[in-house]
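Participant: File final09.pdb follows (PDB, C-alpha atoms):
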```
ATOM      1  CA  MET A   1       0.000   0.000   0.000  1.00  0.00           C
ATOM      2  CA  VAL A   2       1.184   3.469  -0.839  1.00  0.00           C
ATOM      3  CA  PHE A   3       1.985   6.164   1.697  1.00  0.00           C
ATOM      4  CA  ALA A   4      -0.654   8.847   1.219  1.00  0.00           C
ATOM      5  CA  THR A   5      -1.523  12.033   3.087  1.00  0.00           C
ATOM      6  CA  ALA A   6      -3.819  15.022   2.644  1.00  0.00           C
ATOM      7  CA  LEU A   7      -3.318  17.159  -0.477  1.00  0.00           C
ATOM      8  CA  MET A   8      -1.727  14.308  -2.448  1.00  0.00           C
ATOM      9  CA  GLU A   9      -2.832  13.431  -5.958  1.00  0.00           C
ATOM     10  CA  ILE A  10      -2.513   9.714  -6.687  1.00  0.00           C
ATOM     11  CA  VAL A  11      -2.863   7.663  -9.871  1.00  0.00           C
ATOM     12  CA  ASP A  12      -4.001   4.061  -9.411  1.00  0.00           C
ATOM     13  CA  VAL A  13      -2.955   2.241 -12.601  1.00  0.00           C
ATOM     14  CA  ALA A  14      -4.986  -0.887 -13.388  1.00  0.00           C
ATOM     15  CA  ALA A  15      -7.324  -0.022 -10.513  1.00  0.00           C
ATOM     16  CA  GLY A  16      -9.795  -2.804 -11.151  1.00  0.00           C
ATOM     17  CA  VAL A  17     -12.819  -2.543  -8.840  1.00  0.00           C
ATOM     18  CA  GLY A  18     -11.132   0.284  -6.953  1.00  0.00           C
ATOM     19  CA  GLU A  19     -10.445  -1.230  -3.540  1.00  0.00           C
ATOM     20  CA  GLN A  20      -7.011   0.386  -3.285  1.00  0.00           C
ATOM     21  CA  SER A  21      -8.284   3.613  -4.823  1.00  0.00           C
ATOM     22  CA  ILE A  22     -10.964   3.872  -2.141  1.00  0.00           C
ATOM     23  CA  THR A  23      -8.452   3.157   0.627  1.00  0.00           C
ATOM     24  CA  VAL A  24      -6.128   5.860  -0.697  1.00  0.00           C
ATOM     25  CA  ALA A  25      -8.983   8.321  -1.250  1.00  0.00           C
ATOM     26  CA  ASN A  26      -9.877   7.969   2.418  1.00  0.00           C
ATOM     27  CA  LYS A  27      -6.242   8.657   3.374  1.00  0.00           C
ATOM     28  CA  VAL A  28      -5.838  11.777   1.210  1.00  0.00           C
ATOM     29  CA  GLY A  29      -9.231  13.090   2.280  1.00  0.00           C
ATOM     30  CA  ALA A  30     -11.245  15.868   0.712  1.00  0.00           C
ATOM     31  CA  THR A  31      -8.110  17.882  -0.093  1.00  0.00           C
ATOM     32  CA  GLY A  32      -6.572  15.013  -2.066  1.00  0.00           C
ATOM     33  CA  TYR A  33      -7.478  13.327  -5.320  1.00  0.00           C
ATOM     34  CA  VAL A  34      -7.295   9.837  -6.795  1.00  0.00           C
ATOM     35  CA  LEU A  35      -7.422   8.972 -10.480  1.00  0.00           C
ATOM     36  CA  ALA A  36      -8.317   5.304 -10.917  1.00  0.00           C
ATOM     37  CA  THR A  37      -7.422   3.979 -14.357  1.00  0.00           C
ATOM     38  CA  ASP A  38      -8.154   0.656 -15.977  1.00  0.00           C
ATOM     39  CA  ILE A  39      -8.519  -0.681 -19.491  1.00  0.00           C
ATOM     40  CA  SER A  40     -12.046  -1.952 -18.713  1.00  0.00           C
ATOM     41  CA  SER A  41     -14.846   0.611 -18.654  1.00  0.00           C
ATOM     42  CA  ASN A  42     -17.207  -1.904 -17.047  1.00  0.00           C
ATOM     43  CA  ILE A  43     -14.955  -2.504 -14.077  1.00  0.00           C
ATOM     44  CA  LEU A  44     -14.402   1.237 -13.652  1.00  0.00           C
ATOM     45  CA  GLU A  45     -18.163   1.779 -13.522  1.00  0.00           C
ATOM     46  CA  PHE A  46     -18.237  -0.641 -10.610  1.00  0.00           C
ATOM     47  CA  ALA A  47     -15.309   1.196  -8.967  1.00  0.00           C
ATOM     48  CA  GLN A  48     -17.159   4.509  -9.307  1.00  0.00           C
ATOM     49  CA  GLN A  49     -20.266   2.984  -7.713  1.00  0.00           C
ATOM     50  CA  MET A  50     -18.157   1.656  -4.829  1.00  0.00           C
ATOM     51  CA  ALA A  51     -16.648   5.111  -4.292  1.00  0.00           C
ATOM     52  CA  LYS A  52     -20.082   6.710  -4.327  1.00  0.00           C
ATOM     53  CA  GLN A  53     -21.372   4.167  -1.795  1.00  0.00           C
ATOM     54  CA  ALA A  54     -18.380   5.005   0.405  1.00  0.00           C
ATOM     55  CA  GLY A  55     -19.345   8.691   0.207  1.00  0.00           C
ATOM     56  CA  LEU A  56     -16.185   9.679  -1.657  1.00  0.00           C
ATOM     57  CA  ASN A  57     -16.139  12.386  -4.285  1.00  0.00           C
ATOM     58  CA  ASN A  58     -12.373  12.719  -4.597  1.00  0.00           C
ATOM     59  CA  ILE A  59     -12.054   9.769  -6.987  1.00  0.00           C
ATOM     60  CA  GLU A  60     -12.241  10.024 -10.751  1.00  0.00           C
ATOM     61  CA  THR A  61     -12.186   6.997 -13.035  1.00  0.00           C
ATOM     62  CA  GLN A  62     -10.781   7.007 -16.532  1.00  0.00           C
ATOM     63  CA  VAL A  63     -10.398   4.260 -19.101  1.00  0.00           C
ATOM     64  CA  MET A  64      -6.715   4.059 -19.897  1.00  0.00           C
ATOM     65  CA  ASP A  65      -4.160   1.460 -20.908  1.00  0.00           C
ATOM     66  CA  GLY A  66      -1.619   1.112 -18.103  1.00  0.00           C
ATOM     67  CA  GLU A  67       1.142   0.756 -20.670  1.00  0.00           C
ATOM     68  CA  ASN A  68       0.167   3.983 -22.441  1.00  0.00           C
ATOM     69  CA  LEU A  69      -0.900   6.531 -19.824  1.00  0.00           C
ATOM     70  CA  THR A  70      -2.131   9.884 -21.067  1.00  0.00           C
ATOM     71  CA  LEU A  71      -2.284  12.073 -17.975  1.00  0.00           C
ATOM     72  CA  THR A  72      -3.314  15.592 -18.868  1.00  0.00           C
ATOM     73  CA  ARG A  73      -5.555  16.917 -16.092  1.00  0.00           C
ATOM     74  CA  ARG A  74      -3.080  17.263 -13.263  1.00  0.00           C
ATOM     75  CA  ARG A  75       0.535  16.655 -12.305  1.00  0.00           C
ATOM     76  CA  TYR A  76       1.279  13.388 -10.561  1.00  0.00           C
TER      77      TYR A  76
END
```
Will you turn the file into structure tokens for me?
Facilitator:
Amino acid sequence: MVFATALMEIVDVAAGVGEQSITVANKVGATGYVLATDISSNILEFAQQMAKQAGLNNIETQVMDGENLTLTRRRY
């Protein structure tokens, strides 16, 4: 598991159902941000639902190939 604190912006590559993304999103809190990427849009939809159920709004999901990341929104 990654060391994460408030204000951090984290990329979870190949996030799958988002279990680690949700754990990290809780650690970075409302001032942090997590981008969960995966090649499967279906699995990312599930990850987004899990984040919503956990009451988190600091997670974004994006379909992306882990071997060809195109990060444009923020600096990581």
Participant: When you count only C-alpha atoms, which of these residues is closest to Ala14 in chain A: A:Thr31, A:Asn58, A:Asn68, A:Asn26?
Facilitator: A:Asn68
Participant: Suppose a student applies the PyMOL selection byres ((chain A and resi 33) around 7) to this structure; what residues should they get, written as a short mmCIF file (atom, residue, chain, number, x, y, z; two decimals) with C-alpha atoms, keeping the file's coordinate frame?
Facilitator:
```cif
data_model
loop_
_atom_site.label_atom_id
_atom_site.label_comp_id
_atom_site.auth_asym_id
_atom_site.auth_seq_id
_atom_site.Cartn_x
_atom_site.Cartn_y
_atom_site.Cartn_z
CA MET A 8 -1.73 14.31 -2.45
CA GLU A 9 -2.83 13.43 -5.96
CA ILE A 10 -2.51 9.71 -6.69
CA ALA A 25 -8.98 8.32 -1.25
CA VAL A 28 -5.84 11.78 1.21
CA THR A 31 -8.11 17.88 -0.09
CA GLY A 32 -6.57 15.01 -2.07
CA VAL A 34 -7.30 9.84 -6.80
CA LEU A 35 -7.42 8.97 -10.48
CA ASN A 58 -12.37 12.72 -4.60
CA ILE A 59 -12.05 9.77 -6.99
#
```
Participant: Nearest to Ala30 in chain A among A:Ala6, A:Ala54, A:Glu60, A:Glu45, with distances taken over only C-alpha atoms: which residue is it?
Facilitator: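 Answer, going by the shortest atom-to-atom distance: A:Ala6.
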Participant: Would you please work out which residue, of A:Val17, A:Ile22, A:Leu56, A:Met64, is nearest to Asn42 in chain A when using all atoms listed in the file?
Facilitator: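 Ranking A:Val17, A:Ile22, A:Leu56, A:Met64 by distance to Asn42 in chain A, first place goes to A:Val17.
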Participant: How big is the axis-aligned box, and where does its centre sit, when it encloses all atoms of range 1-19 of chain A listed in the file and has 3 Å added on every side, reported in Å to one decimal as AutoDock Vina command-line options?
Facilitator:
```
--center_x -5.4 --center_y 7.2 --center_z -5.2 --size_x 20.8 --size_y 26.0 --size_z 22.5
```
Participant: Could you tell me how far CA of Lys27 in chain A lies from CA of Asp65 in chain A, in Å and to one decimal?
Facilitator: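 Here the two named atoms are 25.4 Å from each other.
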Participant: Which one is closest to Gln48 in chain A: A:Leu71, A:Phe3, A:Ser21, A:Val13? Count all atoms listed in the file.
Facilitator: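 The closest residue to Gln48 in chain A is A:Ser21.
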Participant: Please determine, counting only C-alpha atoms, which residue among A:Leu7, A:Asp12, A:Asp38, A:Gly18 has the shortest atom-to-atom distance to Met50 in chain A.
Facilitator: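 Under the stated criterion, the closest residue is A:Gly18.
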Participant: Rounded to one decimal, what separation in Å do you get between CA of Gly55 in chain A and CA of Thr72 in chain A?
Facilitator: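 Value for the CA of Gly55 in chain A-CA of Thr72 in chain A distance: 25.9 Å.
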Participant: State, in Å with one decimal place, the distance from CA of Gly29 in chain A to CA of Phe46 in chain A.
Facilitator: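 Distance between the two atoms: 20.9 Å.
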Participant: A:Val24, A:Glu19, A:Leu69, A:Ala51: which is nearest Ile39 in chain A, counting all atoms listed in the file?
Facilitator: A:Leu69
